[in-house]
Amino acid sequence: MDRDDSEVGPMVSLRDLRVSYGDREILHGISFDVKRGETMVILGGSGSGKSTLLRTLVGLERPSAGEIWLRGKNIAAISSEEMDEIRKHIGMSFQGSALFGSMTVGDNVALPLREHTKLEDSTIEIMLRLKLEQVGLAGFEYYMPSQLSGGMMKRAAVARALAMDPEILFFDEPSAGLDPIIAAGIDQLILELQKAYHMTIIVVTHELASAFLIADRMVLIDKGNVVAIGTKDEMRNSTQPRVRQFFDRVAEPEVARELDYLQMLTEDRRPANMPGGKGRA
Amino acid sequence: MVQQFLTSARGRMELVSQIGGGVTNGLAYVGSLASLAGCAAWYTFVAPFRGKPLRLGRAFSQAMDVGVRALPILSLITFFFGLILALQSAYELRKFGAMDLVATAVAVSMTRELGPLITAIVVIGRSGSAFAAEIGTMKVTEEIDALETMAISPVAFLVAPKFVAMIVMLPCLTIWANTMGILGGGVFGVLQADFTIGRYVRASVDALILRDIITGLVKSVMFGMTITAVGCLEGLNTGAGAEQVGKSTTRAVVMSIFMVVMVDLIFTMLFFFIGG
């Protein structure tokens, strides 16, 4: 099961990945590689399955078929203990930042360190200051998340994702709900992280401007399939109709296909599930 | 004739299948409660020996919330309840001129039944609902997902400390509730039934045997586990959207009360048949 591409080869490798919620298949066989140190942007409209893809990559959803190779392990077929081991080497910044409201910003950032390392409190203190400085939030460790603005919360969430010095950083809609200036700041932050740490970064977004700014390569997902994959220029010059439609922001020609549209709207509703147990209908 | 029989048979089948479905769902619910409790127990008792320390700090702050901060309201309610019990039993006992049995009636019914039950209901209102709301909100805001991607088990981090806090605090609260109830009964006893304070207390203590107190405390531990399991499970099962948090909170309260009564019935029967 182990495959040694920890040094060479792609950082993340997807092979015919399929994900279903109940009877409905959301992703119909996704395959692509993410190279070490590159920023891959996953593009797609609402309900395209891009969020599901990201959730599957970080192990929040189990694929129904296919393989995901990450740190030399196929995470589609490993135990939760092994997955937890891998999770210590990845960071995830959620769409709504997902900071713990009952803890200060500092405690939020320090939490993974306190949970997974045996470092002294004073060392953790220094590390969390460093991480906050990296995202431009120096001196905010004693604030509660509710006292921060949307952009600052995003930055704090990035600091928390960076806490364990991850090899791969995942972003879910980094500019969602932010004004253009603040969103540009987050893009800048992603660029800086990429430059300074050569981190592998995977971003899910539908913001074209942001995608073209930060991406090395991008992949367009539509209705659970890969439509196109390539560098910025390749994508920009693509003649594929679906790609052109997305990049030229052309509205769907037949909104009359109501059933499809309805399905698209409801696609993102995930079943209730509890960790370690089965979902209840 | 045949047609009629068939339709009625089909009707009967439908009824049976509905009852069956209901029972299966109920059992599945109890099963998921048990699996959550089992998971929390694993993180409480087994995991510490495997290098994953128990979050005692979190359990302690939960215990403060569940236990200490519930004391004022619980004291008030159980004090009045003791008084009500004394009045109600005196209404009947007066006819037999057996007013001196008021102390016994209050003491026994408080410790065996009402102390644990009222404590459980107060704790459901204060903490069971809060568990569901807290975890449900965290589910909606992706904080539960965030915990998982940080390789921190939500059950270990959120649920297990709540179990520890409840299992420790509910019996303590119950003892306190029993005392306040007896005190409330004592107010009536002293004012209306010719007791002195000393005599009332002695009568209460004489009326109680150790088994009364222990059965009450065993029940309270079971109630604590039930309330935590239901509150946390409803929280974890919260769907998407803020309105779902309200729904799971309501469901947590209603289900907890129902489950507590069921657990109460089962244990009362158990104690009855093993001569408790």
# chains A, B, ... in the order shown; residues from 1 in each chain; ligands from 1

call {"tool": "residues_around", "arguments": {"residues": "Arg160 in chain A", "least_positions_apart": "6", "cutoff": "8 Å", "atoms": "only C-alpha atoms", "output": "number ranges by chain"}}
result
A: 91, 108-110, 112, 131

call {"tool": "select_by_dssp", "arguments": {"residues": "range 124-219 of chain A", "states": "strand (DSSP E or B)", "output": "ChimeraX atom specification"}}
result
/A:168-172,200-205,217-219

call {"tool": "closest_residue", "arguments": {"among": "B:Val155, B:Ala193, B:Ala207, B:Ala252", "to": "chain A", "atoms": "only C-alpha atoms"}}
result
B:Val155

call {"tool": "closest_residue", "arguments": {"among": "A:Ile186, A:Ala76, A:Leu220, A:Leu178", "to": "Val158 in chain A", "atoms": "only C-alpha atoms"}}
result
A:Ile186

call {"tool": "closest_atom_pairs", "arguments": {"of": "chain B", "to": "chain A", "cutoff": "6 Å", "atoms": "only C-alpha atoms", "output": "tab-separated table"}}
result
residue	atom	partner	partner_atom	distance
B:Thr141	CA	A:Ala98	CA	5.7
B:Glu142	CA	A:Ala98	CA	5.4
B:Glu143	CA	A:Ala98	CA	4.8
B:Thr149	CA	A:Arg87	CA	5.9
B:Ala151	CA	A:Asp84	CA	4.7
B:Leu236	CA	A:Met274	CA	5.5
B:Asn237	CA	A:Ala272	CA	5.4
B:Gly239	CA	A:Ala272	CA	5.3

call {"tool": "atom_distance", "arguments": {"atom1": "CA of Val260 in chain B", "atom2": "CA of Ala240 in chain B"}}
result
28.0 Å

call {"tool": "atom_distance", "arguments": {"atom1": "CA of Tyr43 in chain B", "atom2": "CA of Ala160 in chain B"}}
result
6.6 Å

call {"tool": "closest_residue", "arguments": {"among": "A:Gln194, A:Thr239, A:Gln147, A:Ser20", "to": "Glu167 in chain A", "atoms": "only C-alpha atoms"}}
result
A:Gln194

call {"tool": "residues_around", "arguments": {"residues": "range 170-177 of chain B", "least_positions_apart": "4", "cutoff": "10 Å", "atoms": "only C-alpha atoms", "output": "count of residues only"}}
result
41

call {"tool": "residues_around", "arguments": {"residues": "range 27-32 of chain A", "least_positions_apart": "4", "cutoff": "8 Å", "atoms": "only C-alpha atoms", "output": "ChimeraX atom specification"}}
result
/A:13-20,49,52-53,66,223-226

call {"tool": "write_last_selection", "arguments": {"atoms": "C-alpha atoms", "output": "PDB file, in the first residue's frame"}}
result
ATOM      1  CA  SER A  13      -2.219  12.422  -6.479  1.00  0.00           C
ATOM      2  CA  LEU A  14      -5.855  11.665  -7.265  1.00  0.00           C
ATOM      3  CA  ARG A  15      -6.816   8.578  -9.244  1.00  0.00           C
ATOM      4  CA  ASP A  16     -10.374   8.130 -10.472  1.00  0.00           C
ATOM      5  CA  LEU A  17     -11.782   9.585  -7.264  1.00  0.00           C
ATOM      6  CA  ARG A  18     -15.482   9.074  -6.722  1.00  0.00           C
ATOM      7  CA  VAL A  19     -17.504  10.457  -3.813  1.00  0.00           C
ATOM      8  CA  SER A  20     -21.167   9.823  -3.106  1.00  0.00           C
ATOM      9  CA  GLY A  49     -18.402  19.373  -6.338  1.00  0.00           C
ATOM     10  CA  THR A  52     -16.699  18.067  -1.679  1.00  0.00           C
ATOM     11  CA  LEU A  53     -13.383  17.436  -3.416  1.00  0.00           C
ATOM     12  CA  GLY A  66     -10.566   5.670  -6.276  1.00  0.00           C
ATOM     13  CA  LYS A 223     -20.743  18.624 -12.350  1.00  0.00           C
ATOM     14  CA  GLY A 224     -18.260  16.344 -10.639  1.00  0.00           C
ATOM     15  CA  ASN A 225     -15.864  15.953 -13.562  1.00  0.00           C
ATOM     16  CA  VAL A 226     -12.542  17.525 -14.446  1.00  0.00           C
TER      17      VAL A 226
END

call {"tool": "residues_around", "arguments": {"residues": "Ala34 in chain B", "least_positions_apart": "5", "cutoff": "10 Å", "atoms": "only C-alpha atoms", "output": "count of residues only"}}
result
8

call {"tool": "atom_distance", "arguments": {"atom1": "CA of Pro48 in chain B", "atom2": "CA of Lys118 in chain A"}}
result
14.9 Å

call {"tool": "residues_around", "arguments": {"residues": "range 195-199 of chain B", "least_positions_apart": "3", "cutoff": "10 Å", "atoms": "only C-alpha atoms", "output": "MDAnalysis selection string"}}
result
chainID B and resid 99:100 102:103 183 186:192 202:205

call {"tool": "residues_around", "arguments": {"residues": "Asp248 in chain A", "least_positions_apart": "6", "cutoff": "10 Å", "atoms": "only C-alpha atoms", "output": "list in words"}}
result
Leu208, Arg236 and Arg242 of chain A

call {"tool": "select_by_dssp", "arguments": {"residues": "range 62-208 of chain B", "states": "alpha helix (DSSP H)", "output": "PyMOL selection string"}}
result
chain B and resi 62-66+71-93+102-109+115-123+129-140+143-149+154+160-192+197-207

call {"tool": "closest_residue", "arguments": {"among": "A:Gly9, A:Pro174, A:Pro145, A:Gly72", "to": "Val204 in chain A", "atoms": "only C-alpha atoms"}}
result
A:Pro174

call {"tool": "decode", "arguments": {"residues": "range 130-265 of chain A", "atoms": "C-alpha atoms", "output": "mmCIF file, in the first residue's frame"}}
result
data_model
loop_
_atom_site.group_PDB
_atom_site.id
_atom_site.type_symbol
_atom_site.label_atom_id
_atom_site.label_comp_id
_atom_site.auth_asym_id
_atom_site.auth_seq_id
_atom_site.Cartn_x
_atom_site.Cartn_y
_atom_site.Cartn_z
ATOM 1 C CA LEU A 130 5.582 34.014 15.208
ATOM 2 C CA LYS A 131 2.639 32.480 13.367
ATOM 3 C CA LEU A 132 0.455 35.495 14.068
ATOM 4 C CA GLU A 133 3.226 37.766 12.826
ATOM 5 C CA GLN A 134 3.444 35.734 9.611
ATOM 6 C CA VAL A 135 -0.191 36.482 8.828
ATOM 7 C CA GLY A 136 0.011 40.104 9.914
ATOM 8 C CA LEU A 137 -1.809 39.747 13.209
ATOM 9 C CA ALA A 138 1.036 40.442 15.640
ATOM 10 C CA GLY A 139 -0.275 41.490 19.027
ATOM 11 C CA PHE A 140 -3.757 40.056 18.574
ATOM 12 C CA GLU A 141 -3.258 36.889 20.621
ATOM 13 C CA TYR A 142 -5.490 38.003 23.492
ATOM 14 C CA TYR A 143 -8.432 39.013 21.294
ATOM 15 C CA MET A 144 -11.484 36.818 21.030
ATOM 16 C CA PRO A 145 -12.408 35.784 17.473
ATOM 17 C CA SER A 146 -15.661 37.738 17.752
ATOM 18 C CA GLN A 147 -13.648 40.937 18.218
ATOM 19 C CA LEU A 148 -11.908 40.514 14.860
ATOM 20 C CA SER A 149 -13.093 41.634 11.426
ATOM 21 C CA GLY A 150 -13.799 39.069 8.690
ATOM 22 C CA GLY A 151 -10.412 39.484 7.067
ATOM 23 C CA MET A 152 -8.574 39.237 10.385
ATOM 24 C CA MET A 153 -10.494 36.067 11.275
ATOM 25 C CA LYS A 154 -9.383 34.544 7.962
ATOM 26 C CA ARG A 155 -5.801 35.483 8.771
ATOM 27 C CA ALA A 156 -6.071 34.020 12.254
ATOM 28 C CA ALA A 157 -7.427 30.821 10.725
ATOM 29 C CA VAL A 158 -4.427 30.714 8.390
ATOM 30 C CA ALA A 159 -2.125 31.176 11.389
ATOM 31 C CA ARG A 160 -3.808 28.196 13.070
ATOM 32 C CA ALA A 161 -3.452 26.146 9.888
ATOM 33 C CA LEU A 162 0.241 27.042 9.838
ATOM 34 C CA ALA A 163 0.798 26.118 13.492
ATOM 35 C CA MET A 164 2.198 22.662 12.837
ATOM 36 C CA ASP A 165 4.378 23.812 9.891
ATOM 37 C CA PRO A 166 2.307 21.868 7.370
ATOM 38 C CA GLU A 167 3.608 20.596 4.064
ATOM 39 C CA ILE A 168 0.298 21.199 2.345
ATOM 40 C CA LEU A 169 -2.061 24.052 3.004
ATOM 41 C CA PHE A 170 -5.704 23.853 1.939
ATOM 42 C CA PHE A 171 -7.921 26.885 1.484
ATOM 43 C CA ASP A 172 -11.687 26.735 1.119
ATOM 44 C CA GLU A 173 -12.929 29.898 -0.613
ATOM 45 C CA PRO A 174 -10.331 32.216 0.938
ATOM 46 C CA SER A 175 -12.010 35.373 -0.343
ATOM 47 C CA ALA A 176 -15.611 34.409 0.395
ATOM 48 C CA GLY A 177 -17.490 37.150 2.209
ATOM 49 C CA LEU A 178 -14.620 39.650 2.098
ATOM 50 C CA ASP A 179 -14.509 42.998 0.322
ATOM 51 C CA PRO A 180 -12.138 43.203 -2.695
ATOM 52 C CA ILE A 181 -9.380 44.995 -0.779
ATOM 53 C CA ILE A 182 -9.339 42.570 2.139
ATOM 54 C CA ALA A 183 -9.629 39.644 -0.291
ATOM 55 C CA ALA A 184 -6.621 40.972 -2.203
ATOM 56 C CA GLY A 185 -4.756 41.021 1.116
ATOM 57 C CA ILE A 186 -5.511 37.333 1.633
ATOM 58 C CA ASP A 187 -4.311 36.573 -1.916
ATOM 59 C CA GLN A 188 -1.124 38.459 -1.092
ATOM 60 C CA LEU A 189 -0.721 36.382 2.054
ATOM 61 C CA ILE A 190 -1.058 33.166 0.059
ATOM 62 C CA LEU A 191 1.587 34.406 -2.392
ATOM 63 C CA GLU A 192 3.925 35.253 0.465
ATOM 64 C CA LEU A 193 3.517 31.833 2.077
ATOM 65 C CA GLN A 194 4.233 30.227 -1.244
ATOM 66 C CA LYS A 195 7.349 32.303 -1.814
ATOM 67 C CA ALA A 196 8.732 32.127 1.702
ATOM 68 C CA TYR A 197 8.093 28.462 2.520
ATOM 69 C CA HIS A 198 7.637 26.781 -0.877
ATOM 70 C CA MET A 199 4.529 25.260 0.580
ATOM 71 C CA THR A 200 2.204 23.169 -1.548
ATOM 72 C CA ILE A 201 -1.061 25.083 -1.557
ATOM 73 C CA ILE A 202 -4.444 23.872 -2.761
ATOM 74 C CA VAL A 203 -7.152 26.519 -3.051
ATOM 75 C CA VAL A 204 -10.811 26.039 -3.841
ATOM 76 C CA THR A 205 -12.443 29.167 -5.194
ATOM 77 C CA HIS A 206 -14.723 30.590 -7.832
ATOM 78 C CA GLU A 207 -13.059 34.011 -7.795
ATOM 79 C CA LEU A 208 -11.345 34.265 -11.168
ATOM 80 C CA ALA A 209 -9.215 37.314 -10.400
ATOM 81 C CA SER A 210 -7.862 35.682 -7.264
ATOM 82 C CA ALA A 211 -7.324 32.368 -9.057
ATOM 83 C CA PHE A 212 -5.260 33.937 -11.843
ATOM 84 C CA LEU A 213 -3.194 35.835 -9.294
ATOM 85 C CA ILE A 214 -2.184 32.980 -7.011
ATOM 86 C CA ALA A 215 -2.323 29.851 -9.172
ATOM 87 C CA ASP A 216 0.565 27.978 -10.765
ATOM 88 C CA ARG A 217 -1.900 25.605 -12.303
ATOM 89 C CA MET A 218 -5.651 25.297 -12.109
ATOM 90 C CA VAL A 219 -8.237 22.632 -12.587
ATOM 91 C CA LEU A 220 -11.820 23.343 -13.554
ATOM 92 C CA ILE A 221 -14.435 21.051 -12.058
ATOM 93 C CA ASP A 222 -17.931 20.925 -13.481
ATOM 94 C CA LYS A 223 -20.743 18.624 -12.350
ATOM 95 C CA GLY A 224 -18.260 16.344 -10.639
ATOM 96 C CA ASN A 225 -15.864 15.953 -13.562
ATOM 97 C CA VAL A 226 -12.542 17.525 -14.446
ATOM 98 C CA VAL A 227 -13.234 19.750 -17.455
ATOM 99 C CA ALA A 228 -9.777 21.183 -17.925
ATOM 100 C CA ILE A 229 -6.440 21.312 -16.173
ATOM 101 C CA GLY A 230 -3.423 23.417 -16.996
ATOM 102 C CA THR A 231 -1.297 26.455 -16.304
ATOM 103 C CA LYS A 232 -2.770 29.929 -16.181
ATOM 104 C CA ASP A 233 -1.931 30.586 -19.825
ATOM 105 C CA GLU A 234 -3.182 27.245 -21.022
ATOM 106 C CA MET A 235 -6.466 27.880 -19.258
ATOM 107 C CA ARG A 236 -6.709 31.442 -20.495
ATOM 108 C CA ASN A 237 -6.200 30.318 -24.096
ATOM 109 C CA SER A 238 -8.360 27.236 -23.861
ATOM 110 C CA THR A 239 -11.028 26.932 -26.499
ATOM 111 C CA GLN A 240 -13.053 24.355 -24.656
ATOM 112 C CA PRO A 241 -16.639 25.691 -24.503
ATOM 113 C CA ARG A 242 -17.180 24.964 -20.811
ATOM 114 C CA VAL A 243 -13.892 26.635 -19.870
ATOM 115 C CA ARG A 244 -14.666 29.652 -22.042
ATOM 116 C CA GLN A 245 -18.108 29.920 -20.518
ATOM 117 C CA PHE A 246 -16.678 29.928 -17.010
ATOM 118 C CA PHE A 247 -13.885 32.385 -17.717
ATOM 119 C CA ASP A 248 -15.973 34.708 -19.861
ATOM 120 C CA ARG A 249 -18.726 34.566 -17.253
ATOM 121 C CA VAL A 250 -21.462 33.591 -19.670
ATOM 122 C CA ALA A 251 -24.748 32.727 -18.008
ATOM 123 C CA GLU A 252 -26.171 29.233 -18.445
ATOM 124 C CA PRO A 253 -28.046 29.395 -21.791
ATOM 125 C CA GLU A 254 -31.035 27.355 -20.686
ATOM 126 C CA VAL A 255 -32.099 28.147 -17.192
ATOM 127 C CA ALA A 256 -35.264 26.390 -18.279
ATOM 128 C CA ARG A 257 -33.641 23.102 -17.295
ATOM 129 C CA GLU A 258 -35.118 23.628 -13.892
ATOM 130 C CA LEU A 259 -34.485 20.168 -12.573
ATOM 131 C CA ASP A 260 -30.742 20.478 -13.185
ATOM 132 C CA TYR A 261 -30.754 23.879 -11.622
ATOM 133 C CA LEU A 262 -32.602 22.645 -8.564
ATOM 134 C CA GLN A 263 -30.215 19.772 -8.233
ATOM 135 C CA MET A 264 -27.307 22.160 -8.516
ATOM 136 C CA LEU A 265 -28.718 24.263 -5.710
#
